[in-house]
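*Asks:* Quick one: the structure is below, questions incoming.
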Amino acid sequence: MIKLNTAIAQKIVQRTMKIIENSVNVMDENGIIIASGNPSRLNQKHTGAVLAIRKNEMIEIDAELAEKWNFEAQPGINLPITYLGNTLGAIGISGIPEQVKPYAELVKMTAELIIEQYILLEKERWDRRYKEEFVLQLLRGKLDENNIREQADLFSLELNTSRIVVIIKLLHPTTDKLQRLVTYLEQFNAKQPLAVLSPDQVILLADTEDMRLLIEHKQLGKLLPPDFHHQDYKIAVGAYTESLLTLQHSYQTAVSTLNYGLKNFPKKSLYFFEEHKLPVLLDNLSYSWQAKKLLVPLQTLYTQDENHTLRKTLKQYFLSNCDLLLTSETLFIHVNTLRYRLNKIERITGLSFNKIDDKFILYLSTVLQY
């Protein structure tokens with residue numbers, strides 16, 4: 001059962017004393033004053049509150065009764081505070097009973113509404129926390145199929161709804177920016193679960209059709225508060241999935257897409273798995289023994305290319321889809337200089353751009369984090 005705590009009690013006192021001029025006390029289930037308009041009365045036992053709680057009715061205290069109780073209670077009105085039939089404590093209004101009685105019920109109702117609001121907010125907070133934990137465990141592959149089905153049902157999530165993982169990365173994160181982003185997403189994407197992955201990253205489990213429409217109309221910016229600018233964030237969109245059971249794959253592709261985009265297209269704000277499928281799917285090959293084996297011919301190039309000129313040229317060559325003119329223009333060099341560099345790469349590595357296997361190895365060297 002919910003218990004009155006000091007924070008709730010103080011809020012009740014502050015709110016009710018805006019309605020009336022009299023001092024207000026809030027007592028816990030034992031009749032101890034835990035919040036008061038008169039701080040000197042804190043932590044004192046209130047006899048009137050004890051009776052109000054015990055009898056579950058209004059207790060009036062006049063000057064004569066207050067004196068009889070050795071002023072353990074001041075003149076005024078005391079009423080029990082209840083929630084769903086349970087008595088949580090009492091609220092007291094100091095003053096002449098006949099004068100304060102007319103608005104006693106209003107004060108009691110205000111106190112109970114504040115408590116109800118607090119309980120609902122707490123429930124919402126816990127629901128959000130457990131749902132967020134479910135999302136994180138789901139994306140990290142920590143749940144088996146039965147757990148996924150049970151928790152999806154608990155949170156009213158359709159198991160077989162097509163979803164896609166979207167990662168929003170804040171480039172200059174602050175607690176305020178993160179909170180504003182989460183609040184905005186919860187308000188305008190209420191049906192789409194989300195989770196805070198880190199102080200600078202939020203994950204959204206977006207409905208596939210909604211995302212397709214946003215992408216098609218180039219409106220991904222709608223996922224962010226209006227005052228967020230391109231230099232404030234990066235958005236990575238993973239692969240489409242048909243079920244929560246396979247959503248982990250969308251998460252993995254979104255992470256790899258973000259990493260690839262940050263490394264190769266740092267000036268862009270939006271990265272899509274669909275545009276970079278091959279390098280993203282090859283991401284897990286990075287640092288593996290297979291990658292080391294494949295890239296053995298490149299070791300000599302790495303050793304001799306002290307200024308990384310040849311590696312940068314090779315990378316831009318493939319980013320330009322092997323278009324010599326586009327590559328040379330991007331690098332601000334003459335096309336003959338580009339040909340010279342590519343020929344030099346062939347001589348150093350022993351690999352040929354005219355052989356498909358060799359060309360693929362050269363391409364992999366620009367993709368893998370090795």
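Residues are referred to by chain and number: the chain letter is A, B, ... according to the order shown in the structure tokens, the number counts from 1 in that chain, and ligands are numbered separately from 1 in the order shown.
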Near Asn147 (chain A), within 12 Å and counting only C-alpha atoms, which residues show up once chain neighbours fewer than 2 positions away are dropped, as a compact mmCIF listing (two decimals) with C-alpha atoms, in the first residue's frame?

*Replies:*
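Now in result_35.txt:
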```
# COMPACT_ATOMS: atom_id res chain seq x y z
CA PHE A 134 12.53 -5.08 -22.01
CA VAL A 135 13.51 -3.16 -25.15
CA GLN A 137 17.24 -6.88 -23.38
CA LEU A 138 15.35 -7.64 -26.59
CA GLY A 141 19.53 -10.81 -27.52
CA LYS A 142 19.11 -11.46 -23.78
CA LEU A 143 15.60 -12.99 -24.05
CA ASP A 144 14.36 -16.30 -25.38
CA GLU A 145 11.23 -16.58 -27.51
CA ARG A 149 6.14 -13.30 -26.20
CA GLU A 150 5.20 -12.87 -22.52
CA GLN A 151 6.65 -9.37 -22.17
CA ALA A 152 5.33 -8.21 -25.53
CA ASP A 153 1.87 -9.23 -24.34
CA LEU A 154 2.44 -7.49 -20.99
CA LEU A 159 4.67 -9.52 -31.82
CA LEU A 244 9.97 -8.58 -32.49
CA LEU A 245 11.67 -11.98 -32.47
```

*Asks:* List as a list in words the protein and nucleic acid residues near region 171-186 of chain A, meaning an atom at most 7 Å away when only C-alpha atoms are counted, but skip any in the same chain fewer than 6 places from it.

*Replies:*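 With the cut-off at 7 Å, the set is Pro199, Asp200, Leu223, Leu224, Pro225, Asp232 and Tyr233 of chain A.
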
*Asks:* Would you pick out the contacts of Thr253 (chain A) at 12 Å or less, using only C-alpha atoms, so that residues sharing its chain but fewer than 6 positions from it are not included, and give the list as a PyMOL selection string?

*Replies:* chain A and resi 139+164-167+236-241+246-247+259-261+271-284

*Asks:* Could you tell me, as JSON, numbers by chain, which residues of region 135-293 of chain A DSSP assigns to alpha helix (DSSP H) when given the backbone?

*Replies:* {"A": [135, 136, 137, 138, 139, 145, 146, 147, 148, 149, 150, 151, 152, 153, 154, 175, 176, 177, 178, 179, 180, 181, 182, 183, 184, 185, 186, 187, 188, 208, 209, 210, 211, 212, 213, 214, 215, 216, 247, 248, 249, 250, 251, 252, 253, 254, 255, 256, 257, 258, 259, 260, 261, 262, 263, 264, 277, 278, 279, 280, 281, 289, 290, 291, 292, 293]}

*Asks:* For Gly76 (chain A), list every protein, DNA or RNA residue within 12 Å, evaluated using only C-alpha atoms, and leave out those in the same chain fewer than 5 positions away; present the list as number ranges by chain.

*Replies:* A: 22-25, 46-49, 58-66, 71, 91-104

*Asks:* Of the candidates A:Arg41, A:Ser243, A:Leu270, A:Lys312, which shows the shortest atom-to-atom distance to Gln219 (chain A), using only C-alpha atoms?

*Replies:*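 Going through A:Arg41, A:Ser243, A:Leu270, A:Lys312 one by one, the smallest distance to Gln219 (chain A) is for A:Leu270.
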
*Asks:* Return as a Markdown table the residues of region 34-55 of chain A lying at most 7 Å from region 9-13 of chain A, together with the closest atom-to-atom pair for each and the distance in Å to one decimal, counting only C-alpha atoms, with rows in chain order and ascending residue number.

*Replies:*
```
| residue | atom | partner | partner_atom | distance |
| --- | --- | --- | --- | --- |
| A:Ile34 | CA | A:Ala9 | CA | 6.7 |
| A:Ala35 | CA | A:Gln10 | CA | 5.2 |
| A:Ser36 | CA | A:Val13 | CA | 6.3 |
| A:Gly37 | CA | A:Val13 | CA | 6.6 |
```

*Asks:* Enter the distance from CA of Leu197 (chain A) to CA of Glu216 (chain A), in Å, rounded to one decimal.

*Replies:*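 So the two atoms, CA of Leu197 (chain A) and CA of Glu216 (chain A), lie 26.8 Å apart.
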
*Asks:* Please run DSSP on the backbone and report, as a ChimeraX atom specification, all residues within region 125-305 of chain A that come out as strand (DSSP E).

*Replies:* /A:163-170,194-198,201-207,233-241,270-272

*Asks:* Please produce a file of the residues just selected, as an mmCIF file, in the first residue's frame, where the atoms kept are N, CA and C atoms.

*Replies:*
```cif
data_model
loop_
_atom_site.group_PDB
_atom_site.id
_atom_site.type_symbol
_atom_site.label_atom_id
_atom_site.label_comp_id
_atom_site.auth_asym_id
_atom_site.auth_seq_id
_atom_site.Cartn_x
_atom_site.Cartn_y
_atom_site.Cartn_z
ATOM 1 N N ARG A 163 8.801 -3.777 -37.687
ATOM 2 C CA ARG A 163 9.440 -2.629 -37.045
ATOM 3 C C ARG A 163 10.867 -2.460 -37.562
ATOM 4 N N ILE A 164 11.418 -1.304 -37.225
ATOM 5 C CA ILE A 164 12.781 -0.990 -37.636
ATOM 6 C C ILE A 164 13.442 -0.184 -36.524
ATOM 7 N N VAL A 165 14.690 -0.495 -36.227
ATOM 8 C CA VAL A 165 15.398 0.213 -35.155
ATOM 9 C C VAL A 165 16.027 1.490 -35.705
ATOM 10 N N VAL A 166 15.774 2.577 -34.992
ATOM 11 C CA VAL A 166 16.354 3.874 -35.337
ATOM 12 C C VAL A 166 17.188 4.341 -34.149
ATOM 13 N N ILE A 167 18.429 4.698 -34.403
ATOM 14 C CA ILE A 167 19.299 5.224 -33.347
ATOM 15 C C ILE A 167 19.477 6.719 -33.573
ATOM 16 N N ILE A 168 19.184 7.496 -32.533
ATOM 17 C CA ILE A 168 19.406 8.941 -32.579
ATOM 18 C C ILE A 168 20.578 9.247 -31.652
ATOM 19 N N LYS A 169 21.644 9.784 -32.224
ATOM 20 C CA LYS A 169 22.848 10.092 -31.456
ATOM 21 C C LYS A 169 22.985 11.603 -31.307
ATOM 22 N N LEU A 170 23.098 12.058 -30.056
ATOM 23 C CA LEU A 170 23.332 13.480 -29.789
ATOM 24 C C LEU A 170 24.829 13.752 -29.860
ATOM 25 N N LEU A 194 10.658 3.080 -26.967
ATOM 26 C CA LEU A 194 12.001 3.632 -27.066
ATOM 27 C C LEU A 194 12.785 3.295 -25.811
ATOM 28 N N ALA A 195 14.086 3.495 -25.876
ATOM 29 C CA ALA A 195 14.957 3.232 -24.731
ATOM 30 C C ALA A 195 16.175 4.141 -24.837
ATOM 31 N N VAL A 196 16.691 4.542 -23.686
ATOM 32 C CA VAL A 196 17.921 5.325 -23.646
ATOM 33 C C VAL A 196 19.082 4.339 -23.585
ATOM 34 N N LEU A 197 19.870 4.322 -24.644
ATOM 35 C CA LEU A 197 20.991 3.382 -24.725
ATOM 36 C C LEU A 197 22.196 3.886 -23.956
ATOM 37 N N SER A 198 22.421 5.187 -23.983
ATOM 38 C CA SER A 198 23.561 5.811 -23.308
ATOM 39 C C SER A 198 23.244 7.303 -23.173
ATOM 40 N N GLN A 201 22.662 8.526 -26.721
ATOM 41 C CA GLN A 201 21.958 7.746 -27.741
ATOM 42 C C GLN A 201 20.588 7.262 -27.249
ATOM 43 N N VAL A 202 19.590 7.442 -28.118
ATOM 44 C CA VAL A 202 18.235 6.957 -27.858
ATOM 45 C C VAL A 202 17.837 6.026 -28.992
ATOM 46 N N ILE A 203 17.200 4.910 -28.628
ATOM 47 C CA ILE A 203 16.767 3.927 -29.622
ATOM 48 C C ILE A 203 15.253 3.972 -29.740
ATOM 49 N N LEU A 204 14.773 3.998 -30.960
ATOM 50 C CA LEU A 204 13.339 4.009 -31.224
ATOM 51 C C LEU A 204 12.978 2.765 -32.030
ATOM 52 N N LEU A 205 11.966 2.019 -31.563
ATOM 53 C CA LEU A 205 11.472 0.862 -32.324
ATOM 54 C C LEU A 205 10.322 1.361 -33.186
ATOM 55 N N ALA A 206 10.656 1.848 -34.351
ATOM 56 C CA ALA A 206 9.683 2.537 -35.189
ATOM 57 C C ALA A 206 8.854 1.568 -36.025
ATOM 58 N N ASP A 207 7.623 1.950 -36.261
ATOM 59 C CA ASP A 207 6.764 1.199 -37.176
ATOM 60 C C ASP A 207 7.330 1.346 -38.589
ATOM 61 N N TYR A 233 22.895 16.244 -34.097
ATOM 62 C CA TYR A 233 22.540 14.828 -34.033
ATOM 63 C C TYR A 233 22.972 14.042 -35.270
ATOM 64 N N LYS A 234 22.928 12.715 -35.125
ATOM 65 C CA LYS A 234 23.039 11.780 -36.239
ATOM 66 C C LYS A 234 21.908 10.772 -36.073
ATOM 67 N N ILE A 235 21.315 10.349 -37.175
ATOM 68 C CA ILE A 235 20.266 9.329 -37.140
ATOM 69 C C ILE A 235 20.679 8.165 -38.021
ATOM 70 N N ALA A 236 20.625 6.951 -37.464
ATOM 71 C CA ALA A 236 20.934 5.738 -38.221
ATOM 72 C C ALA A 236 19.712 4.837 -38.236
ATOM 73 N N VAL A 237 19.333 4.398 -39.424
ATOM 74 C CA VAL A 237 18.158 3.539 -39.604
ATOM 75 C C VAL A 237 18.625 2.142 -39.999
ATOM 76 N N GLY A 238 18.215 1.148 -39.212
ATOM 77 C CA GLY A 238 18.654 -0.226 -39.453
ATOM 78 C C GLY A 238 17.827 -0.937 -40.509
ATOM 79 N N ALA A 239 17.904 -2.257 -40.505
ATOM 80 C CA ALA A 239 17.171 -3.074 -41.486
ATOM 81 C C ALA A 239 15.741 -3.310 -41.016
ATOM 82 N N TYR A 240 14.838 -3.491 -41.971
ATOM 83 C CA TYR A 240 13.452 -3.798 -41.646
ATOM 84 C C TYR A 240 13.335 -5.222 -41.124
ATOM 85 N N THR A 241 12.476 -5.439 -40.144
ATOM 86 C CA THR A 241 12.215 -6.799 -39.643
ATOM 87 C C THR A 241 10.708 -6.999 -39.552
ATOM 88 N N LEU A 270 22.154 11.783 -41.651
ATOM 89 C CA LEU A 270 21.290 10.618 -41.767
ATOM 90 C C LEU A 270 22.022 9.469 -42.452
ATOM 91 N N TYR A 271 21.930 8.286 -41.853
ATOM 92 C CA TYR A 271 22.563 7.096 -42.423
ATOM 93 C C TYR A 271 21.520 5.977 -42.511
ATOM 94 N N PHE A 272 21.488 5.292 -43.655
ATOM 95 C CA PHE A 272 20.504 4.241 -43.876
ATOM 96 C C PHE A 272 21.195 2.920 -44.216
#
```

*Asks:* Between CA of Ile77 (chain A) and CA of Ala52 (chain A), what is the spacing in Å?

*Replies:* 9.5 Å

*Asks:* From the options A:Arg212, A:Ile8, A:Thr309, A:Glu67, which residue's atoms come nearest to Thr337 (chain A), counting only C-alpha atoms?

*Replies:* A:Thr309

*Asks:* Quick one: residues within 12 Å of Arg339 (chain A), only C-alpha atoms, excluding same-chain residues fewer than 4 positions away - as a list of chain:residue names?

*Replies:*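 Neighbouring residues, sequence-local ones excluded: A:Leu310, A:Thr313, A:Leu314, A:Tyr317, A:Cys322, A:Asp323, A:Leu324, A:Leu325, A:Thr327, A:Ser328, A:Ile333, A:His334, A:Val335, A:Asn343, A:Lys344, A:Ile345, A:Glu346, A:Phe353.
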